[in-house]
Protein chains: 4
Amino acid sequence: MSHEIDGLEFPTSLGTSTPDTISLLGQDLTADLMGKVGFGELAFWLVAMRRPTAGEVRVFESVLVALADHGFTPTAIAARVTYLSAPDSLQGALAAGLLGGGSRFLGVTEDCGGYLHDVLTAHEAAGHPLPTTDEEWDDLALASVTATREAKRFVPGLGHPVHKQGDPRTPVLIGIAEEEGLRGPHLRLFEAIGRTHASVLGRHLPLNGAGVCGAALADLGLPVELLRGFALLARAAGLLGQLAEERRRPIASDIYLTVDRNAAYVDPES
Amino acid sequence: MSHEIDGLEFPTSLGTSTPDTISLLGQDLTADLMGKVGFGELAFWLVAMRRPTAGEVRVFESVLVALADHGFTPTAIAARVTYLSAPDSLQGALAAGLLGGGSRFLGVTEDCGGYLHDVLTAHEAAGHPLPTTDEEWDDLALASVTATREAKRFVPGLGHPVHKQGDPRTPVLIGIAEEEGLRGPHLRLFEAIGRTHASVLGRHLPLNGAGVCGAALADLGLPVELLRGFALLARAAGLLGQLAEERRRPIASDIYLTVDRNAAYVDPES
Amino acid sequence: MSHEIDGLEFPTSLGTSTPDTISLLGQDLTADLMGKVGFGELAFWLVAMRRPTAGEVRVFESVLVALADHGFTPTAIAARVTYLSAPDSLQGALAAGLLGGGSRFLGVTEDCGGYLHDVLTAHEAAGHPLPTTDEEWDDLALASVTATREAKRFVPGLGHPVHKQGDPRTPVLIGIAEEEGLRGPHLRLFEAIGRTHASVLGRHLPLNGAGVCGAALADLGLPVELLRGFALLARAAGLLGQLAEERRRPIASDIYLTVDRNAAYVDPES
Amino acid sequence: MSHEIDGLEFPTSLGTSTPDTISLLGQDLTADLMGKVGFGELAFWLVAMRRPTAGEVRVFESVLVALADHGFTPTAIAARVTYLSAPDSLQGALAAGLLGGGSRFLGVTEDCGGYLHDVLTAHEAAGHPLPTTDEEWDDLALASVTATREAKRFVPGLGHPVHKQGDPRTPVLIGIAEEEGLRGPHLRLFEAIGRTHASVLGRHLPLNGAGVCGAALADLGLPVELLRGFALLARAAGLLGQLAEERRRPIASDIYLTVDRNAAYVDPES
């Protein structure tokens with residue numbers, strides 16, 4: 001079967017090759033990218049279709065570093081027990097871990113970035129300019145938290161089960177964004193939500209790290225529908241660390257036996 | 001149920017946290033890592049349990065950049081058609097793509113690094129010092145290719161379906177390793193295999209890019225059993241690029257319909 | 001580490017074992033289940049926590065048979081190209097295929113069952129008895145299609161890209177349910193939607209096979225939140241068939257090359 | 001883009017359709033299969049390309065029933081914690097569970113069937129007829145166990161961590177096969193290994209249930225390279241049961257917190 005077919009075209013701006021050259025994003029992979037572009041920089045470029053500035057790379061990699069590993073999360077547990085069960089397939093263990101990157105855990109980054117983006121888009125669509133003072137940001141934040149509350153929905157990025165008095169990542173990431181001149185409207189709105197939500201919700205909740213990461217990524221101009229993807233990329237590195245540790249100092253068998261040996265039969269009718 | 005149980009311990013050197021702090025690799029995540037450590041650097045550290053030097057980071061990230069995307073590979077196709085079918089689950093599309101990271105495609109990096117590592121380990125275990133000249137390396141390479149051939153096995157990292165006259169990544173990555181003083185025994189043995197194999201195998205094959213990446217990673221001291229993991233991490237970034245492009249300029253439906261509309265029924269008995 | 005821990009209990013009604021016996025669903029696996037219970041029957045029991053009648057098994061297995069394989073769908077393509085790329089991991093190829101079981105393809109079964117369930121639940125919650133005549137069913141259907149239309153949402157289970165004049169599975173499954181005395185309210189409402197929607201939507205659409213399967217499963221009393229799971233189970237069998245065929249008569253490489261060889265580079269700026 | 005392309009053909013004997021009909025395995029799906037063929041029967045047919053007899057279906061479904069669920073295995077744990085983390089993606093939780101179907105747990109079925117198949121094939125390739133008496137089977141078994149031992153490899157299917165005095169599934173499955181006239185050479189060889197291995201290995205090990213399932217499937221003429229696939233299909237049903245139970249009576253959060261709250265930091269240098 002000949003595979004070159006007249007009229008059949010699959011367009012792409014990513015990787016293509018000829019016998020002599022490999023091209024990626026319209027660049028010569030070996031002459032322009034290898035050794036010259038960092039890995040985080042390339043990941044940004046692959047999604048945004050533009051090369052980030054040095055400042056953007058620093059903020060972006062700070063987010064990836066912040067999200068890489070949170071210890072024995074469900075994703076780490078899934079990856080480790082899968083590796084125990086199928087040690088011949090590292091890709092399977094990694095994939096099992098990433099499959100937990102859904103709405104409850106890693107999804108907060110995307111949900112928060114998307115929430116802030118929607119508020120800003122609606123604000124501008126209504127003909128209003130973006131706020132320029134903290135007071136104006138607070139007004140916008142208050143209006144959006146109130147509307148969300150009235151719709152009986154949660155504001156993503158608020159609250160943390162462990163860091164109840166404040167997530168240490170939040171001020172640090174805002175500070176890095178400020179240093180690089182990238183503290184944009186998503187972060188500012190998120191900060192304003194932090195200052196104002198208590199008057200609506202009746203209690204003060206911390207701005208969590210997953211949320212602030214979403215805000216920072218959105219300020220970098222990355223597509224909000226794909227923010228979860230960066231959390232997954234970050235977690236891929238963290239899961240490799242978990243699997244490397246599982247090889248050095250295994251715990252998956254102890255997890256399995258701790259659960260299995262304490263199984264308690266319950267009558268299905270009960 | 002109380003979850004803190006006397007005598008139950010799951011040891012880890014990765015992420016842990018208290019209400020006020022987050023720790024990773026024994027470092028304070030926010031004070032020591034965010035904004036100060038690059039993402040590739042952290043990925044290396046998470047697996048190797050040591051912070052890499054700047055030169056090591058450059059070689060390591062060059063490998064990740066080289067492996068990130070190879071265009072419309074089976075992994076990219078799997079990710080895109082899965083996203084078409086289940087657009088609500090980005091993690092599922094990414095996982096589907098990574099599951100193709102097995103023996104045939106992404107596995108070459110691991111297989112090649114492992115092969116070179118085994119030859120070097122056996123050489124040293126037999127009491128021989130490592131070669132110091134090209135001639136000595138060629139002798140070792142020739143012996144190992146001959147033994148592999150006699151065992152009717154393939155030497156991993158030799159040959160490429162497209163880059164038949166030479167894979168452009170190979171000399172570039174060796175050059176970067178040389179610049180950083182990291183052109184170690186795995187790369188040297190791989191190069192010697194490139195110079196000598198034709199006399200055993202009867203034809204000249206290029207040293208492919210996936211293979212040279214495995215050699216370079218092994219020279220960085222990374223565990224050879226986990227080299228595939230770095231190819232998967234690199235590919236995670238590439239797959240995000242594929243999925244971002246699928247959103248902007250979809251082709252998965254055309255792939256699906258091109259296959260489905262040209263299905264030809266075959267009698268199962270035939 | 002001892003794994004039996006006082007006070008730690010993980011309750012289950014599924015599989016447990018002692019050195020001499022294996023128990024599942026409160027039954028003795030070897031004395032009560034093996035050779036006595038069919039596989040579909042067990043799958044039903046595992047989810048519903050009750051043994052189905054013979055009639056229920058027949059309807060249930062008809063649904064699984066209807067959903068097992070639809071040829072070269074995105075799920076089949078993902079499974080085949082993943083097997084090409086990682087032939088050492090059958091579980092990875094199967095998992096890649098199942099990951100396409102999301103909102104667009106396999107999800108219709110769940111969406112349709114859930115939609116019908118919601119309409120019936122709201123109807124009863126409002127204090128109305130279930131309809132008893134076709135005319136009454138049509139009234140309920142008309143009201144629900146109208147409300148869905150007004151909410152700018154789609155009625156799941158209507159329309160099919162290929163079977164535009166009628167999906168052949170629909171009348172057959174309804175007939176089987178009728179034969180077994182299991183043509184319940186979900187199927188009746190779905191049929192009534194088939195009779196009435198054109199007056200609201202302005203065109204006649206077929207009741208598709210995935211939708212009628214969801215209605216039939218809901219009439220069996222299976223939890224509507226898990227209906228997608230049965231579509232996935234059915235598809236697992238179909239994907240095994242696809243992978244067995246890929247071994248006998250491979251096409252994944254032709255799919256890959258057909259896409260890759262017709263890649264057309266597009267300037268990312270364009 | 002037109003998708004029907006001259007000269008492009010993707011052959012298949014599985015699902016195809018026209019606007020009016022759906023065909024599967026050369027049968028009319030609605031007229032010949034739905035309501036007439038069981039789900040296990042179809043799964044067998046999809047892989048073997050022939051309709052099984054009633055006796056074959058009974059043995060086959062007994063195997064699937066035996067393998068469906070083994071309680072809180074690593075596969076069940078992975079599925080449950082993934083569902084906790086990403087409850088919006090049932091397919092992801094199921095896929096995560098199946099990814100543990102590798103060499104250590106579910107792989108035994110395939111490994112054992114393949115081992116027996118290889119011994120029988122080599123025996124016949126050497127010109128010997130199959131044994132006809134227990135004594136002859138014992139001779140063949142003894143020779144194969146001895147050879148395996150000398151090659152420093154394990155005989156798959158021997159031993160069980162819990163059922164040390166005998167796996168209750170083994171005699172039951174052999175009995176069912178006997179009743180159906182399907183106790184063929186793979187089962188007989190496996191039984192002979194059970195009688196003879198102790199004299200070579202120095203201790204008596206039980207024939208485990210995963211192994212006897214592989215032997216029975218091989219006696220049904222199913223391709224030994226795909227036996228793991230049937231274990232995965234069986235487990236798909238079991239995992240649905242686990243996920244349904246996780247909805248009714250959740251434990252994944254307790255698993256997660258039991259691990260996370262007992263994390264013990266270890267200096268990476270130690």
# chains A, B, ... in the order shown; residues from 1 in each chain; ligands from 1
>>> interface_residues(of="chain C", to="chain D", cutoff="6 Å", atoms="only C-alpha atoms", output="list in words")
Gly15, Thr16, Pro19, Thr30, Met34, Gly35, Gly38, Phe39, Ala43, Leu46, Val47, Glu61, Ser62, Val65, Asp69, His70, Gly71, Gln91, Ala95, Leu99, Val162, His163, Arg169, Ala237, Gly241 and Ala244 of chain C
>>> write_last_selection(atoms="C-alpha atoms", output="mmCIF file, in the first residue's frame")
data_model
loop_
_atom_site.group_PDB
_atom_site.id
_atom_site.type_symbol
_atom_site.label_atom_id
_atom_site.label_comp_id
_atom_site.auth_asym_id
_atom_site.auth_seq_id
_atom_site.Cartn_x
_atom_site.Cartn_y
_atom_site.Cartn_z
ATOM 1 C CA GLY C 15 -14.193 -10.555 46.984
ATOM 2 C CA THR C 16 -12.626 -11.817 50.183
ATOM 3 C CA PRO C 19 -6.682 -19.917 53.002
ATOM 4 C CA THR C 30 -16.271 -22.157 43.579
ATOM 5 C CA MET C 34 -18.205 -20.948 38.820
ATOM 6 C CA GLY C 35 -20.032 -22.983 36.207
ATOM 7 C CA GLY C 38 -22.810 -16.585 33.465
ATOM 8 C CA PHE C 39 -20.305 -13.805 33.004
ATOM 9 C CA ALA C 43 -21.299 -8.369 35.919
ATOM 10 C CA LEU C 46 -21.488 -7.048 40.905
ATOM 11 C CA VAL C 47 -22.985 -3.637 40.241
ATOM 12 C CA GLU C 61 -26.472 -9.285 27.455
ATOM 13 C CA SER C 62 -28.339 -8.030 24.371
ATOM 14 C CA VAL C 65 -23.690 -7.503 22.444
ATOM 15 C CA ASP C 69 -17.903 -3.332 18.563
ATOM 16 C CA HIS C 70 -18.712 -0.655 16.031
ATOM 17 C CA GLY C 71 -15.779 -1.244 13.715
ATOM 18 C CA GLN C 91 -3.351 -3.939 29.033
ATOM 19 C CA ALA C 95 -6.791 0.887 28.401
ATOM 20 C CA LEU C 99 -10.124 5.969 27.490
ATOM 21 C CA VAL C 162 -24.952 6.720 9.543
ATOM 22 C CA HIS C 163 -28.338 5.205 10.391
ATOM 23 C CA ARG C 169 -30.804 -1.968 17.005
ATOM 24 C CA ALA C 237 -14.707 -7.378 24.555
ATOM 25 C CA GLY C 241 -11.489 -8.585 19.093
ATOM 26 C CA ALA C 244 -6.765 -10.132 18.060
#
>>> select_by_dssp(residues="region 61-110 of chain B", states="helix (DSSP H, G or I)", output="ChimeraX atom specification")
/B:61-67,74-85,90-98,107-110
>>> write_last_selection(atoms="N, CA, C and O atoms", output="tab-separated table (two decimals), in the first residue's frame")
chain	number	residue	atom	x	y	z
B	61	GLU	N	18.11	18.52	29.43
B	61	GLU	CA	17.01	19.20	28.74
B	61	GLU	C	17.15	19.09	27.21
B	61	GLU	O	16.14	19.06	26.50
B	62	SER	N	18.37	18.98	26.73
B	62	SER	CA	18.55	18.74	25.28
B	62	SER	C	17.91	17.41	24.89
B	62	SER	O	17.31	17.28	23.81
B	63	VAL	N	18.08	16.41	25.75
B	63	VAL	CA	17.45	15.10	25.49
B	63	VAL	C	15.92	15.24	25.49
B	63	VAL	O	15.24	14.75	24.59
B	64	LEU	N	15.40	15.91	26.49
B	64	LEU	CA	13.94	16.08	26.57
B	64	LEU	C	13.42	16.83	25.34
B	64	LEU	O	12.38	16.49	24.78
B	65	VAL	N	14.13	17.86	24.94
B	65	VAL	CA	13.73	18.62	23.75
B	65	VAL	C	13.78	17.72	22.51
B	65	VAL	O	12.87	17.76	21.66
B	66	ALA	N	14.81	16.89	22.42
B	66	ALA	CA	14.94	16.01	21.24
B	66	ALA	C	13.81	15.00	21.16
B	66	ALA	O	13.41	14.59	20.07
B	67	LEU	N	13.29	14.57	22.30
B	67	LEU	CA	12.30	13.48	22.32
B	67	LEU	C	10.86	13.97	22.44
B	67	LEU	O	9.93	13.16	22.41
B	74	PRO	N	2.28	7.07	16.34
B	74	PRO	CA	1.14	6.37	16.96
B	74	PRO	C	0.72	7.00	18.28
B	74	PRO	O	-0.47	7.07	18.59
B	75	THR	N	1.66	7.51	19.07
B	75	THR	CA	1.27	8.12	20.35
B	75	THR	C	0.44	9.38	20.11
B	75	THR	O	-0.55	9.62	20.80
B	76	ALA	N	0.83	10.18	19.12
B	76	ALA	CA	0.06	11.40	18.83
B	76	ALA	C	-1.32	11.04	18.28
B	76	ALA	O	-2.32	11.68	18.62
B	77	ILE	N	-1.38	10.03	17.43
B	77	ILE	CA	-2.67	9.61	16.86
B	77	ILE	C	-3.59	9.11	17.97
B	77	ILE	O	-4.78	9.47	18.04
B	78	ALA	N	-3.06	8.27	18.86
B	78	ALA	CA	-3.88	7.74	19.96
B	78	ALA	C	-4.41	8.88	20.83
B	78	ALA	O	-5.58	8.90	21.21
B	79	ALA	N	-3.56	9.84	21.15
B	79	ALA	CA	-3.99	10.96	21.99
B	79	ALA	C	-5.08	11.77	21.29
B	79	ALA	O	-6.09	12.15	21.90
B	80	ARG	N	-4.90	12.03	20.02
B	80	ARG	CA	-5.86	12.88	19.30
B	80	ARG	C	-7.21	12.19	19.12
B	80	ARG	O	-8.26	12.81	19.32
B	81	VAL	N	-7.23	10.93	18.73
B	81	VAL	CA	-8.54	10.29	18.54
B	81	VAL	C	-9.23	10.08	19.89
B	81	VAL	O	-10.46	10.08	19.97
B	82	THR	N	-8.46	9.89	20.95
B	82	THR	CA	-9.08	9.76	22.27
B	82	THR	C	-9.68	11.10	22.71
B	82	THR	O	-10.77	11.14	23.30
B	83	TYR	N	-9.01	12.17	22.37
B	83	TYR	CA	-9.55	13.49	22.71
B	83	TYR	C	-10.82	13.77	21.91
B	83	TYR	O	-11.77	14.35	22.44
B	84	LEU	N	-10.84	13.35	20.67
B	84	LEU	CA	-12.05	13.48	19.86
B	84	LEU	C	-13.22	12.76	20.53
B	84	LEU	O	-14.35	13.24	20.58
B	85	SER	N	-12.93	11.60	21.06
B	85	SER	CA	-13.96	10.72	21.57
B	85	SER	C	-14.38	11.08	23.00
B	85	SER	O	-15.53	10.88	23.38
B	90	LEU	N	-9.04	15.50	29.44
B	90	LEU	CA	-7.71	15.73	28.87
B	90	LEU	C	-6.71	14.71	29.40
B	90	LEU	O	-5.84	14.23	28.67
B	91	GLN	N	-6.86	14.34	30.67
B	91	GLN	CA	-5.92	13.38	31.25
B	91	GLN	C	-6.03	12.02	30.56
B	91	GLN	O	-5.02	11.31	30.41
B	92	GLY	N	-7.21	11.66	30.10
B	92	GLY	CA	-7.38	10.40	29.41
B	92	GLY	C	-6.69	10.42	28.05
B	92	GLY	O	-6.05	9.43	27.66
B	93	ALA	N	-6.79	11.53	27.35
B	93	ALA	CA	-6.13	11.63	26.04
B	93	ALA	C	-4.62	11.59	26.20
B	93	ALA	O	-3.91	10.93	25.43
B	94	LEU	N	-4.12	12.28	27.21
B	94	LEU	CA	-2.69	12.27	27.46
B	94	LEU	C	-2.22	10.87	27.86
B	94	LEU	O	-1.20	10.37	27.35
B	95	ALA	N	-2.97	10.22	28.73
B	95	ALA	CA	-2.61	8.87	29.16
B	95	ALA	C	-2.63	7.91	27.98
B	95	ALA	O	-1.74	7.07	27.83
B	96	ALA	N	-3.65	8.02	27.12
B	96	ALA	CA	-3.72	7.13	25.96
B	96	ALA	C	-2.48	7.30	25.09
B	96	ALA	O	-1.90	6.32	24.60
B	97	GLY	N	-2.04	8.54	24.91
B	97	GLY	CA	-0.83	8.76	24.12
B	97	GLY	C	0.40	8.14	24.77
B	97	GLY	O	1.20	7.47	24.12
B	98	LEU	N	0.53	8.33	26.07
B	98	LEU	CA	1.72	7.80	26.76
B	98	LEU	C	1.75	6.28	26.78
B	98	LEU	O	2.82	5.67	26.84
B	107	GLY	N	10.64	3.08	23.69
B	107	GLY	CA	11.47	2.16	24.45
B	107	GLY	C	12.92	2.13	24.02
B	107	GLY	O	13.79	1.68	24.78
B	108	VAL	N	13.23	2.60	22.81
B	108	VAL	CA	14.61	2.51	22.32
B	108	VAL	C	15.58	3.25	23.23
B	108	VAL	O	16.70	2.80	23.47
B	109	THR	N	15.13	4.39	23.75
B	109	THR	CA	15.99	5.17	24.65
B	109	THR	C	16.43	4.32	25.84
B	109	THR	O	17.62	4.27	26.18
B	110	GLU	N	15.46	3.65	26.44
B	110	GLU	CA	15.79	2.81	27.59
B	110	GLU	C	16.61	1.58	27.18
B	110	GLU	O	17.58	1.21	27.84
